[in-house]
Amino acid sequence: MAKKHIVGIAALALFLAACGGDDSSDDSDTSSGDGTVSGDLTVLTHRTDIVDTVLEDYKTRFQETYPDVDISFEAITEYEGDVSIRLNTEEYGDVLMIPAAVTRDELPEYFEPLGTVEELGEKYRFVEEQAYQGDVYGISITGNANGYVFNKRVWEEAGITEPPTTPDEFIEALRAIEQNTDAIPYYTNYGDGWPLGQIRSNMGVLTGPEVENEMAHSDEPWTEGEDIHLVDSFVYDIVAEGLAEDDPTTTNWEESKNLLGTGDIATMMLGSWAVTQMQDAAENVGASRDDIGYWPFPAQTDGTFRVRIGGDYKMGINKHSEHKEAARAWIDWYTEESGYATDEGGLSVQVDGELPDTLSDFEPLDVEFFELAPRPEGEESLYSDIHNTAEIDLDGWLYNQKLIDIARGAADGDKESYFEELNQRWSDARAQVAG
Amino acid sequence: MAVNTTGRPNDDGSGAGDDRQVLVTAGGGDQAPARGSGSAGASPGRDTTQGRRTTPWLFLLIPLGFLIVFTYIPVGNMVWYSVTSWDGRDPVKEFVGLDNYVQIFTRPELFEVFFVSLYYVGGSFVQMALALYFATVLSFKTRFRNFFKGVIFFPYLLNGVAIGLVFLYFFRPGGTLDAVLALVGVQEPPQWLGDPSMVNYSLAATSVWRFMGLNFVLFLGAIQSIPSELYEAADIDGANSWDKFRYIILPGIRQILGLSFILAISGALSVFEIPYIMTGGANGSETFVIQTVNTAFKFSKVGLASAMAVVLLIIVLVFTWIQRKLFADDKVDLV
């Protein structure tokens, strides 16, 4: 009995010593630089699909350089909701994707600064997207271009081989598909909701990178000539004309991928991240990967497609992490060495990165990339404050569902009355936020 | 978090209480002597008396602990959030007084969603009528009655999310329902979820399918606790089945009916799972609880959403109070 006690105490002492040892080695890391980085990292990820395959592989490769760092991944299905609630605790892993719900001014409360915007901006794209007062808090895991994914076979069957350059031309193309093929010309994915918000990532094609900052200073953004008016009336017109699916309420995302592959759906408005998934689905249903094409949003400035690019989730370091050095090593390795960004069909995060294969359709076109401008100082959360106060979920899809309901005649009103209401709510919210 | 109030309060403690009362009173109404003997036995020795005083509390420690930690503290928190403008993450919760409540009562669109609940109230009447019918039929000798009991109760055991997904496929264009209708010659069925004039009927019907089993079991239990000699006496008097139902069963299960009624109303007011899984509240199917969840987690207005949850709580309490008034503890006396 007594023996057992002694063993227990010895184990406890060892454990405590080990913990202490970790801490001290962390401290020495800071001075001696990398090479001796160590610690156990917990990495939260939303990629439940590749956590046991690709990410495990990354871990093995990472440990070739950093043998003393062990990593355990925690894949979370409802990532956004679960993690934003977990931020209330201190236990949200060492490295995690910064949930979109975190507003800019909250970043320093939860995450470790990684460097200044100027410094990191020389190497990486999208550093502005999770930055506050000149400090970067997260580095994007990959990049997206925006536009729409479509089935080339169907579009060619309808006689369209060149990307439409205006919304009218686009709708004309959808009409041709409606008449000449059996495909559903445009699929909204209303049922799952979130795909509806994807089209807003094109905002800026009309008025440029400052679009959201300008919108925060406008009382009537749903007005002809504004980006939000452009994308919303685009969807409205398509649905009102019956060019979208008959019963939008019962759509299913996983199924829609297969239907695009088989050519039962012609077009979906999604970020370029979707291309690899669509190609995989096409292959699954016995079609060819080459059937899936990707074109920019149908709007041009001076004969050039301006394509907005943006980051994906940004990886940040938990402010309460005990192994910040190791966490940083993982982020740097992930960004520069892993090849995740382009392997997954996205844009490289590095400034000098190459175009991925998924965007090969862009090559013959005259395309100019732009990133959204950073928020002005002091207005970091103005845009989100306004749309939250107005209860117009510009980071969600509820108001898009309402728009589609009106367009298909399932709710009262028309485009003008709904835009008027949105403008009213927007300007009221602006007044409230300012006051 | 208490904002997440889901489904029906089917685990309501008062349900079991009422149930027991009916059973006991119907079985002869002799609970008074049983109670009396307990207190009469407690007398000799100080230590034993003290032990008798503290022991029940020791046993109660754990359940009370759970009750306080998982019910009262969250509710208390929610009431506190409801007077702040908290966004759900900000470490500072700014006190705003009754602003949130003022907003709820000055913005009619926040209350309009209660109209959707009327579909579920209507549905719950259908549900209770069906449950009562089946309970009555199956309380007599019927062939395969245990099998039918199982069939009727089974949906209630299923997970609400699973039911939502199953019915999503059931209702979609060209889905199970349309296929069955096509067999009997209906060529152009409506869009069960896509048509705004249909969607709430479809969802309420799903809810009826799911919860009828609960009402059924409650009714069945109450009916079976009615002493059989009453039926025999009625038979001798020449009563037919309808008479037996009208003059024996109905008064015999009055209290359970009242309880089911209140569960149905509060369930209809706070319906959540089925519409949330199936339509996400889109297409005019938004209920008060879905609106609350959206307000909290989509618009980051946890303060306002908490106030909405408090308002819902009060409304449900008011309905419960009305029910207690209407179906006060009056003894059911069949004999």
# chains A, B, ... in the order shown; residues from 1 in each chain; ligands from 1
>>> select_by_dssp(residues="range 75-141 of chain A", states="helix (DSSP H, G or I)", output="JSON, numbers by chain")
{"A": [79, 80, 81, 82, 83, 84, 85, 86, 104, 105, 106, 107, 108, 109, 110, 117, 118, 119, 120, 121, 127, 128, 129, 130]}
>>> write_last_selection(atoms="C-alpha atoms", output="short mmCIF file (atom, residue, chain, number, x, y, z; two decimals), in the first residue's frame")
data_model
loop_
_atom_site.label_atom_id
_atom_site.label_comp_id
_atom_site.auth_asym_id
_atom_site.auth_seq_id
_atom_site.Cartn_x
_atom_site.Cartn_y
_atom_site.Cartn_z
CA TYR A 79 -16.85 24.71 -36.84
CA GLU A 80 -18.09 28.27 -37.00
CA GLY A 81 -20.78 27.98 -34.34
CA ASP A 82 -18.94 25.66 -31.97
CA VAL A 83 -15.66 27.51 -31.96
CA SER A 84 -17.12 30.98 -31.62
CA ILE A 85 -18.84 29.78 -28.44
CA ARG A 86 -15.66 28.08 -27.20
CA ARG A 104 -11.77 42.93 -35.69
CA ASP A 105 -11.57 44.79 -32.42
CA GLU A 106 -11.98 41.48 -30.59
CA LEU A 107 -8.95 39.91 -32.28
CA PRO A 108 -6.38 41.00 -29.66
CA GLU A 109 -8.52 39.50 -26.91
CA TYR A 110 -8.29 35.99 -28.32
CA VAL A 117 0.67 44.28 -41.94
CA GLU A 118 3.61 45.87 -43.84
CA GLU A 119 6.05 43.18 -42.87
CA LEU A 120 3.83 40.15 -43.54
CA GLY A 121 2.15 41.83 -46.51
CA VAL A 127 -3.00 39.71 -44.41
CA GLU A 128 -5.44 42.59 -44.04
CA GLU A 129 -8.42 40.32 -43.56
CA GLN A 130 -7.73 39.49 -39.93
#
>>> interface_residues(of="chain A", to="chain B", cutoff="7 Å", atoms="only C-alpha atoms", output="PyMOL selection string")
chain A and resi 88+191+247-250+388+391+393+401+405+410
>>> select_by_dssp(residues="range 184-420 of chain A", states="strand (DSSP E or B)", output="PDB file with N, CA and C atoms, in the first residue's frame")
ATOM      1  N   ILE A 184     -31.174  22.460 -65.321  1.00  0.00           N
ATOM      2  CA  ILE A 184     -31.637  23.627 -64.572  1.00  0.00           C
ATOM      3  C   ILE A 184     -30.560  24.700 -64.789  1.00  0.00           C
ATOM      4  N   TYR A 186     -29.730  27.598 -63.450  1.00  0.00           N
ATOM      5  CA  TYR A 186     -29.040  28.215 -62.322  1.00  0.00           C
ATOM      6  C   TYR A 186     -29.573  27.598 -61.042  1.00  0.00           C
ATOM      7  N   ALA A 244     -34.195  29.408 -62.241  1.00  0.00           N
ATOM      8  CA  ALA A 244     -33.596  28.634 -61.152  1.00  0.00           C
ATOM      9  C   ALA A 244     -34.470  27.404 -60.867  1.00  0.00           C
ATOM     10  N   ILE A 265     -27.613  20.283 -63.603  1.00  0.00           N
ATOM     11  CA  ILE A 265     -27.528  21.686 -63.202  1.00  0.00           C
ATOM     12  C   ILE A 265     -26.448  22.308 -64.081  1.00  0.00           C
ATOM     13  N   THR A 267     -25.261  25.797 -63.701  1.00  0.00           N
ATOM     14  CA  THR A 267     -24.464  26.867 -63.113  1.00  0.00           C
ATOM     15  C   THR A 267     -24.728  27.024 -61.630  1.00  0.00           C
ATOM     16  N   MET A 268     -23.668  27.298 -60.869  1.00  0.00           N
ATOM     17  CA  MET A 268     -23.841  27.686 -59.472  1.00  0.00           C
ATOM     18  C   MET A 268     -22.853  28.796 -59.152  1.00  0.00           C
ATOM     19  N   GLY A 271     -17.521  30.328 -54.840  1.00  0.00           N
ATOM     20  CA  GLY A 271     -16.109  30.673 -54.915  1.00  0.00           C
ATOM     21  C   GLY A 271     -15.320  29.578 -55.609  1.00  0.00           C
ATOM     22  N   ILE A 292     -16.054  20.549 -65.702  1.00  0.00           N
ATOM     23  CA  ILE A 292     -16.305  21.629 -64.761  1.00  0.00           C
ATOM     24  C   ILE A 292     -15.469  22.848 -65.128  1.00  0.00           C
ATOM     25  N   GLY A 293     -16.140  23.956 -65.337  1.00  0.00           N
ATOM     26  CA  GLY A 293     -15.431  25.180 -65.692  1.00  0.00           C
ATOM     27  C   GLY A 293     -15.668  26.258 -64.652  1.00  0.00           C
ATOM     28  N   TYR A 294     -14.836  27.296 -64.711  1.00  0.00           N
ATOM     29  CA  TYR A 294     -14.981  28.396 -63.765  1.00  0.00           C
ATOM     30  C   TYR A 294     -14.750  29.719 -64.470  1.00  0.00           C
ATOM     31  N   TRP A 295     -15.737  30.605 -64.404  1.00  0.00           N
ATOM     32  CA  TRP A 295     -15.639  31.905 -65.062  1.00  0.00           C
ATOM     33  C   TRP A 295     -15.903  33.035 -64.065  1.00  0.00           C
ATOM     34  N   PRO A 296     -15.369  34.208 -64.364  1.00  0.00           N
ATOM     35  CA  PRO A 296     -15.586  35.349 -63.460  1.00  0.00           C
ATOM     36  C   PRO A 296     -16.993  35.928 -63.557  1.00  0.00           C
ATOM     37  N   GLN A 300     -17.700  43.798 -66.391  1.00  0.00           N
ATOM     38  CA  GLN A 300     -16.364  44.209 -66.802  1.00  0.00           C
ATOM     39  C   GLN A 300     -16.171  45.695 -66.598  1.00  0.00           C
ATOM     40  N   THR A 301     -14.928  46.073 -66.347  1.00  0.00           N
ATOM     41  CA  THR A 301     -14.568  47.475 -66.329  1.00  0.00           C
ATOM     42  C   THR A 301     -13.535  47.679 -67.424  1.00  0.00           C
ATOM     43  N   THR A 304     -12.179  44.607 -69.051  1.00  0.00           N
ATOM     44  CA  THR A 304     -11.424  43.653 -68.241  1.00  0.00           C
ATOM     45  C   THR A 304     -12.322  43.096 -67.150  1.00  0.00           C
ATOM     46  N   PHE A 305     -12.221  41.770 -66.948  1.00  0.00           N
ATOM     47  CA  PHE A 305     -12.897  41.191 -65.788  1.00  0.00           C
ATOM     48  C   PHE A 305     -12.090  41.540 -64.547  1.00  0.00           C
ATOM     49  N   ARG A 306     -12.744  42.157 -63.584  1.00  0.00           N
ATOM     50  CA  ARG A 306     -12.054  42.359 -62.309  1.00  0.00           C
ATOM     51  C   ARG A 306     -12.541  41.281 -61.349  1.00  0.00           C
ATOM     52  N   VAL A 307     -11.627  40.485 -60.894  1.00  0.00           N
ATOM     53  CA  VAL A 307     -12.011  39.347 -60.065  1.00  0.00           C
ATOM     54  C   VAL A 307     -11.558  39.583 -58.643  1.00  0.00           C
ATOM     55  N   ARG A 308     -12.519  39.530 -57.737  1.00  0.00           N
ATOM     56  CA  ARG A 308     -12.134  39.719 -56.349  1.00  0.00           C
ATOM     57  C   ARG A 308     -11.562  38.425 -55.802  1.00  0.00           C
ATOM     58  N   ILE A 309     -10.423  38.534 -55.148  1.00  0.00           N
ATOM     59  CA  ILE A 309      -9.870  37.365 -54.489  1.00  0.00           C
ATOM     60  C   ILE A 309      -9.903  37.621 -52.990  1.00  0.00           C
ATOM     61  N   GLY A 310      -9.961  36.569 -52.261  1.00  0.00           N
ATOM     62  CA  GLY A 310     -10.019  36.730 -50.813  1.00  0.00           C
ATOM     63  C   GLY A 310      -9.440  35.511 -50.140  1.00  0.00           C
ATOM     64  N   GLY A 311      -9.145  35.679 -48.867  1.00  0.00           N
ATOM     65  CA  GLY A 311      -8.594  34.558 -48.116  1.00  0.00           C
ATOM     66  C   GLY A 311      -9.697  33.624 -47.674  1.00  0.00           C
ATOM     67  N   LYS A 314      -8.510  32.067 -41.670  1.00  0.00           N
ATOM     68  CA  LYS A 314      -7.136  32.433 -41.293  1.00  0.00           C
ATOM     69  C   LYS A 314      -6.759  31.638 -40.053  1.00  0.00           C
ATOM     70  N   MET A 315      -5.529  31.133 -40.085  1.00  0.00           N
ATOM     71  CA  MET A 315      -5.042  30.430 -38.901  1.00  0.00           C
ATOM     72  C   MET A 315      -4.475  31.434 -37.914  1.00  0.00           C
ATOM     73  N   GLY A 316      -4.898  31.337 -36.682  1.00  0.00           N
ATOM     74  CA  GLY A 316      -4.378  32.218 -35.648  1.00  0.00           C
ATOM     75  C   GLY A 316      -3.877  31.392 -34.474  1.00  0.00           C
ATOM     76  N   ILE A 317      -3.196  32.053 -33.557  1.00  0.00           N
ATOM     77  CA  ILE A 317      -2.675  31.366 -32.372  1.00  0.00           C
ATOM     78  C   ILE A 317      -3.463  31.832 -31.160  1.00  0.00           C
ATOM     79  N   ASN A 318      -3.936  30.865 -30.386  1.00  0.00           N
ATOM     80  CA  ASN A 318      -4.645  31.144 -29.145  1.00  0.00           C
ATOM     81  C   ASN A 318      -3.748  31.983 -28.232  1.00  0.00           C
ATOM     82  N   LEU A 347      -6.046  29.691 -54.565  1.00  0.00           N
ATOM     83  CA  LEU A 347      -4.947  30.588 -54.907  1.00  0.00           C
ATOM     84  C   LEU A 347      -3.869  30.469 -53.837  1.00  0.00           C
ATOM     85  N   GLN A 350       0.979  32.921 -50.883  1.00  0.00           N
ATOM     86  CA  GLN A 350       2.199  33.704 -51.080  1.00  0.00           C
ATOM     87  C   GLN A 350       2.020  34.643 -52.269  1.00  0.00           C
ATOM     88  N   VAL A 367      -8.001  39.172 -67.102  1.00  0.00           N
ATOM     89  CA  VAL A 367      -8.483  39.169 -65.729  1.00  0.00           C
ATOM     90  C   VAL A 367      -7.552  39.940 -64.817  1.00  0.00           C
ATOM     91  N   GLU A 368      -8.158  40.743 -63.965  1.00  0.00           N
ATOM     92  CA  GLU A 368      -7.338  41.511 -63.031  1.00  0.00           C
ATOM     93  C   GLU A 368      -7.835  41.182 -61.614  1.00  0.00           C
ATOM     94  N   PHE A 369      -6.909  40.724 -60.757  1.00  0.00           N
ATOM     95  CA  PHE A 369      -7.304  40.376 -59.389  1.00  0.00           C
ATOM     96  C   PHE A 369      -7.301  41.599 -58.494  1.00  0.00           C
ATOM     97  N   PHE A 370      -8.223  41.654 -57.561  1.00  0.00           N
ATOM     98  CA  PHE A 370      -8.130  42.684 -56.517  1.00  0.00           C
ATOM     99  C   PHE A 370      -8.573  42.115 -55.191  1.00  0.00           C
ATOM    100  N   GLU A 371      -7.991  42.664 -54.121  1.00  0.00           N
ATOM    101  CA  GLU A 371      -8.389  42.272 -52.767  1.00  0.00           C
ATOM    102  C   GLU A 371      -9.216  43.399 -52.174  1.00  0.00           C
TER     103      GLU A 371
END
>>> atom_distance(atom1="CA of Lys402 in chain A", atom2="CA of Val102 in chain B")
26.0 Å
>>> closest_residue(among="A:Glu169, A:Glu344, A:Glu220, A:Asp357", to="Val54 in chain A", atoms="only C-alpha atoms")
A:Glu344
>>> residues_around(residues="Trp333 in chain A", least_positions_apart="2", cutoff="12 Å", atoms="only C-alpha atoms", output="ChimeraX atom specification")
/A:58-59,61-66,139,141,315,326-331,335-340
>>> write_last_selection(atoms="C-alpha atoms", output="mmCIF file, in the first residue's frame")
data_model
loop_
_atom_site.group_PDB
_atom_site.id
_atom_site.type_symbol
_atom_site.label_atom_id
_atom_site.label_comp_id
_atom_site.auth_asym_id
_atom_site.auth_seq_id
_atom_site.Cartn_x
_atom_site.Cartn_y
_atom_site.Cartn_z
ATOM 1 C CA TYR A 58 1.379 17.228 -43.194
ATOM 2 C CA LYS A 59 2.076 16.384 -39.574
ATOM 3 C CA ARG A 61 6.327 16.078 -42.947
ATOM 4 C CA PHE A 62 6.295 18.872 -40.389
ATOM 5 C CA GLN A 63 7.915 16.638 -37.791
ATOM 6 C CA GLU A 64 10.836 15.989 -40.111
ATOM 7 C CA THR A 65 11.811 19.581 -39.451
ATOM 8 C CA TYR A 66 10.417 19.913 -35.940
ATOM 9 C CA ILE A 139 -2.724 33.909 -41.986
ATOM 10 C CA ILE A 141 -4.850 28.832 -45.325
ATOM 11 C CA MET A 315 -5.042 30.430 -38.901
ATOM 12 C CA ALA A 326 5.674 25.781 -31.871
ATOM 13 C CA ALA A 327 2.284 27.102 -32.992
ATOM 14 C CA ARG A 328 4.010 29.771 -35.034
ATOM 15 C CA ALA A 329 6.347 27.205 -36.585
ATOM 16 C CA TRP A 330 3.315 25.172 -37.679
ATOM 17 C CA ILE A 331 1.592 28.175 -39.251
ATOM 18 C CA THR A 335 1.728 28.439 -45.361
ATOM 19 C CA GLU A 336 5.078 28.054 -47.081
ATOM 20 C CA GLU A 337 5.862 24.344 -47.249
ATOM 21 C CA SER A 338 2.676 22.283 -47.072
ATOM 22 C CA GLY A 339 1.314 23.223 -50.481
ATOM 23 C CA TYR A 340 -2.205 23.127 -49.026
#
>>> atom_distance(atom1="CA of Asp135 in chain A", atom2="CA of Gly115 in chain A")
5.8 Å
>>> residues_around(residues="Ala176 in chain A", least_positions_apart="2", cutoff="10 Å", atoms="only C-alpha atoms", output="list in words")
Trp155, Glu157, Ala158, Gly159, Ile160, Phe170, Ile171, Glu172, Ala173, Leu174, Glu178, Gln179, Asn180, Thr181 and Pro185 of chain A
>>> atom_distance(atom1="CA of Glu91 in chain A", atom2="CA of Val75 in chain B")
24.3 Å
>>> residues_around(residues="Leu203 in chain B", least_positions_apart="3", cutoff="8 Å", atoms="only C-alpha atoms", output="list in words")
Val199, Asn200, Thr206, Ser207, Ile274 and Pro275 of chain B
>>> closest_residue(among="A:Tyr187, A:Glu254, A:Asp192, A:Gly197", to="Ile277 in chain B", atoms="only C-alpha atoms")
A:Asp192
>>> residues_around(residues="Leu355 in chain A", least_positions_apart="6", cutoff="9 Å", atoms="only C-alpha atoms", output="mmCIF file with N, CA and C atoms, in the first residue's frame")
data_model
loop_
_atom_site.group_PDB
_atom_site.id
_atom_site.type_symbol
_atom_site.label_atom_id
_atom_site.label_comp_id
_atom_site.auth_asym_id
_atom_site.auth_seq_id
_atom_site.Cartn_x
_atom_site.Cartn_y
_atom_site.Cartn_z
ATOM 1 N N THR A 342 -2.632 25.447 -52.972
ATOM 2 C CA THR A 342 -2.857 25.109 -54.372
ATOM 3 C C THR A 342 -3.292 23.662 -54.543
ATOM 4 N N GLY A 346 -6.956 26.142 -54.545
ATOM 5 C CA GLY A 346 -7.118 27.564 -54.257
ATOM 6 C C GLY A 346 -5.934 28.385 -54.743
ATOM 7 N N LEU A 347 -6.046 29.691 -54.565
ATOM 8 C CA LEU A 347 -4.947 30.588 -54.907
ATOM 9 C C LEU A 347 -3.869 30.469 -53.837
ATOM 10 N N SER A 348 -2.644 30.612 -54.256
ATOM 11 C CA SER A 348 -1.561 30.583 -53.288
ATOM 12 C C SER A 348 -1.665 31.780 -52.356
ATOM 13 N N GLU A 363 -7.056 31.875 -67.880
ATOM 14 C CA GLU A 363 -5.851 32.236 -68.616
ATOM 15 C C GLU A 363 -6.102 32.975 -69.933
#
>>> decode(residues="range 339-430 of chain A", atoms="C-alpha atoms", output="mmCIF file, in the first residue's frame")
data_model
loop_
_atom_site.group_PDB
_atom_site.id
_atom_site.type_symbol
_atom_site.label_atom_id
_atom_site.label_comp_id
_atom_site.auth_asym_id
_atom_site.auth_seq_id
_atom_site.Cartn_x
_atom_site.Cartn_y
_atom_site.Cartn_z
ATOM 1 C CA GLY A 339 1.314 23.223 -50.481
ATOM 2 C CA TYR A 340 -2.205 23.127 -49.026
ATOM 3 C CA ALA A 341 -3.396 26.259 -50.811
ATOM 4 C CA THR A 342 -2.857 25.109 -54.372
ATOM 5 C CA ASP A 343 -3.312 21.376 -53.734
ATOM 6 C CA GLU A 344 -6.829 22.160 -52.655
ATOM 7 C CA GLY A 345 -7.391 24.141 -55.827
ATOM 8 C CA GLY A 346 -7.118 27.564 -54.257
ATOM 9 C CA LEU A 347 -4.947 30.588 -54.907
ATOM 10 C CA SER A 348 -1.561 30.583 -53.288
ATOM 11 C CA VAL A 349 -1.305 32.641 -50.139
ATOM 12 C CA GLN A 350 2.199 33.704 -51.080
ATOM 13 C CA VAL A 351 2.319 36.894 -53.117
ATOM 14 C CA ASP A 352 4.427 35.319 -55.876
ATOM 15 C CA GLY A 353 2.387 32.097 -56.031
ATOM 16 C CA GLU A 354 1.139 30.670 -59.323
ATOM 17 C CA LEU A 355 -2.390 30.234 -60.638
ATOM 18 C CA PRO A 356 -3.797 26.800 -59.722
ATOM 19 C CA ASP A 357 -5.053 24.372 -62.391
ATOM 20 C CA THR A 358 -8.607 24.952 -61.264
ATOM 21 C CA LEU A 359 -8.481 28.482 -62.626
ATOM 22 C CA SER A 360 -7.045 27.562 -66.028
ATOM 23 C CA ASP A 361 -10.206 28.972 -67.607
ATOM 24 C CA PHE A 362 -9.020 32.406 -66.538
ATOM 25 C CA GLU A 363 -5.851 32.236 -68.616
ATOM 26 C CA PRO A 364 -7.284 33.220 -72.023
ATOM 27 C CA LEU A 365 -9.314 36.005 -70.405
ATOM 28 C CA ASP A 366 -8.249 39.472 -69.496
ATOM 29 C CA VAL A 367 -8.483 39.169 -65.729
ATOM 30 C CA GLU A 368 -7.338 41.511 -63.031
ATOM 31 C CA PHE A 369 -7.304 40.376 -59.389
ATOM 32 C CA PHE A 370 -8.130 42.684 -56.517
ATOM 33 C CA GLU A 371 -8.389 42.272 -52.767
ATOM 34 C CA LEU A 372 -10.859 44.061 -50.550
ATOM 35 C CA ALA A 373 -9.400 47.210 -49.036
ATOM 36 C CA PRO A 374 -8.649 47.169 -45.300
ATOM 37 C CA ARG A 375 -11.007 48.834 -42.868
ATOM 38 C CA PRO A 376 -10.123 52.409 -42.036
ATOM 39 C CA GLU A 377 -8.737 52.998 -38.556
ATOM 40 C CA GLY A 378 -11.481 53.286 -35.971
ATOM 41 C CA GLU A 379 -14.071 51.714 -38.260
ATOM 42 C CA GLU A 380 -12.845 48.149 -38.068
ATOM 43 C CA SER A 381 -16.212 46.775 -37.062
ATOM 44 C CA LEU A 382 -18.494 49.481 -38.440
ATOM 45 C CA TYR A 383 -19.711 47.425 -41.402
ATOM 46 C CA SER A 384 -20.576 44.365 -39.329
ATOM 47 C CA ASP A 385 -22.073 46.502 -36.559
ATOM 48 C CA ILE A 386 -24.415 48.105 -39.065
ATOM 49 C CA HIS A 387 -25.570 44.921 -40.705
ATOM 50 C CA ASN A 388 -26.010 43.181 -37.357
ATOM 51 C CA THR A 389 -28.012 46.103 -36.006
ATOM 52 C CA ALA A 390 -30.084 46.205 -39.185
ATOM 53 C CA GLU A 391 -30.583 42.425 -38.912
ATOM 54 C CA ILE A 392 -29.537 42.107 -42.524
ATOM 55 C CA ASP A 393 -27.168 39.170 -42.334
ATOM 56 C CA LEU A 394 -24.548 40.123 -44.901
ATOM 57 C CA ASP A 395 -22.412 37.341 -43.425
ATOM 58 C CA GLY A 396 -25.303 34.873 -43.655
ATOM 59 C CA TRP A 397 -28.174 34.094 -45.990
ATOM 60 C CA LEU A 398 -31.506 34.776 -44.306
ATOM 61 C CA TYR A 399 -32.109 37.971 -46.226
ATOM 62 C CA ASN A 400 -31.141 36.229 -49.491
ATOM 63 C CA GLN A 401 -33.772 33.570 -48.807
ATOM 64 C CA LYS A 402 -36.338 36.320 -48.335
ATOM 65 C CA LEU A 403 -35.210 37.920 -51.595
ATOM 66 C CA ILE A 404 -35.681 34.633 -53.437
ATOM 67 C CA ASP A 405 -39.074 34.074 -51.808
ATOM 68 C CA ILE A 406 -40.192 37.445 -53.100
ATOM 69 C CA ALA A 407 -38.747 36.777 -56.543
ATOM 70 C CA ARG A 408 -40.568 33.456 -56.914
ATOM 71 C CA GLY A 409 -43.816 34.966 -55.655
ATOM 72 C CA ALA A 410 -43.830 33.142 -52.319
ATOM 73 C CA ALA A 411 -43.670 36.318 -50.244
ATOM 74 C CA ASP A 412 -45.266 39.722 -50.585
ATOM 75 C CA GLY A 413 -43.566 42.604 -52.346
ATOM 76 C CA ASP A 414 -41.311 43.030 -55.336
ATOM 77 C CA LYS A 415 -37.694 43.917 -55.955
ATOM 78 C CA GLU A 416 -38.226 47.659 -55.504
ATOM 79 C CA SER A 417 -40.208 47.348 -52.282
ATOM 80 C CA TYR A 418 -37.699 44.935 -50.753
ATOM 81 C CA PHE A 419 -34.711 47.083 -51.683
ATOM 82 C CA GLU A 420 -36.515 50.096 -50.271
ATOM 83 C CA GLU A 421 -37.085 48.212 -47.011
ATOM 84 C CA LEU A 422 -33.439 47.107 -46.884
ATOM 85 C CA ASN A 423 -32.296 50.684 -47.481
ATOM 86 C CA GLN A 424 -34.564 51.902 -44.714
ATOM 87 C CA ARG A 425 -33.268 49.331 -42.239
ATOM 88 C CA TRP A 426 -29.694 50.058 -43.288
ATOM 89 C CA SER A 427 -29.971 53.796 -42.790
ATOM 90 C CA ASP A 428 -31.800 53.368 -39.454
ATOM 91 C CA ALA A 429 -29.068 51.027 -38.273
ATOM 92 C CA ARG A 430 -26.376 53.451 -39.409
#
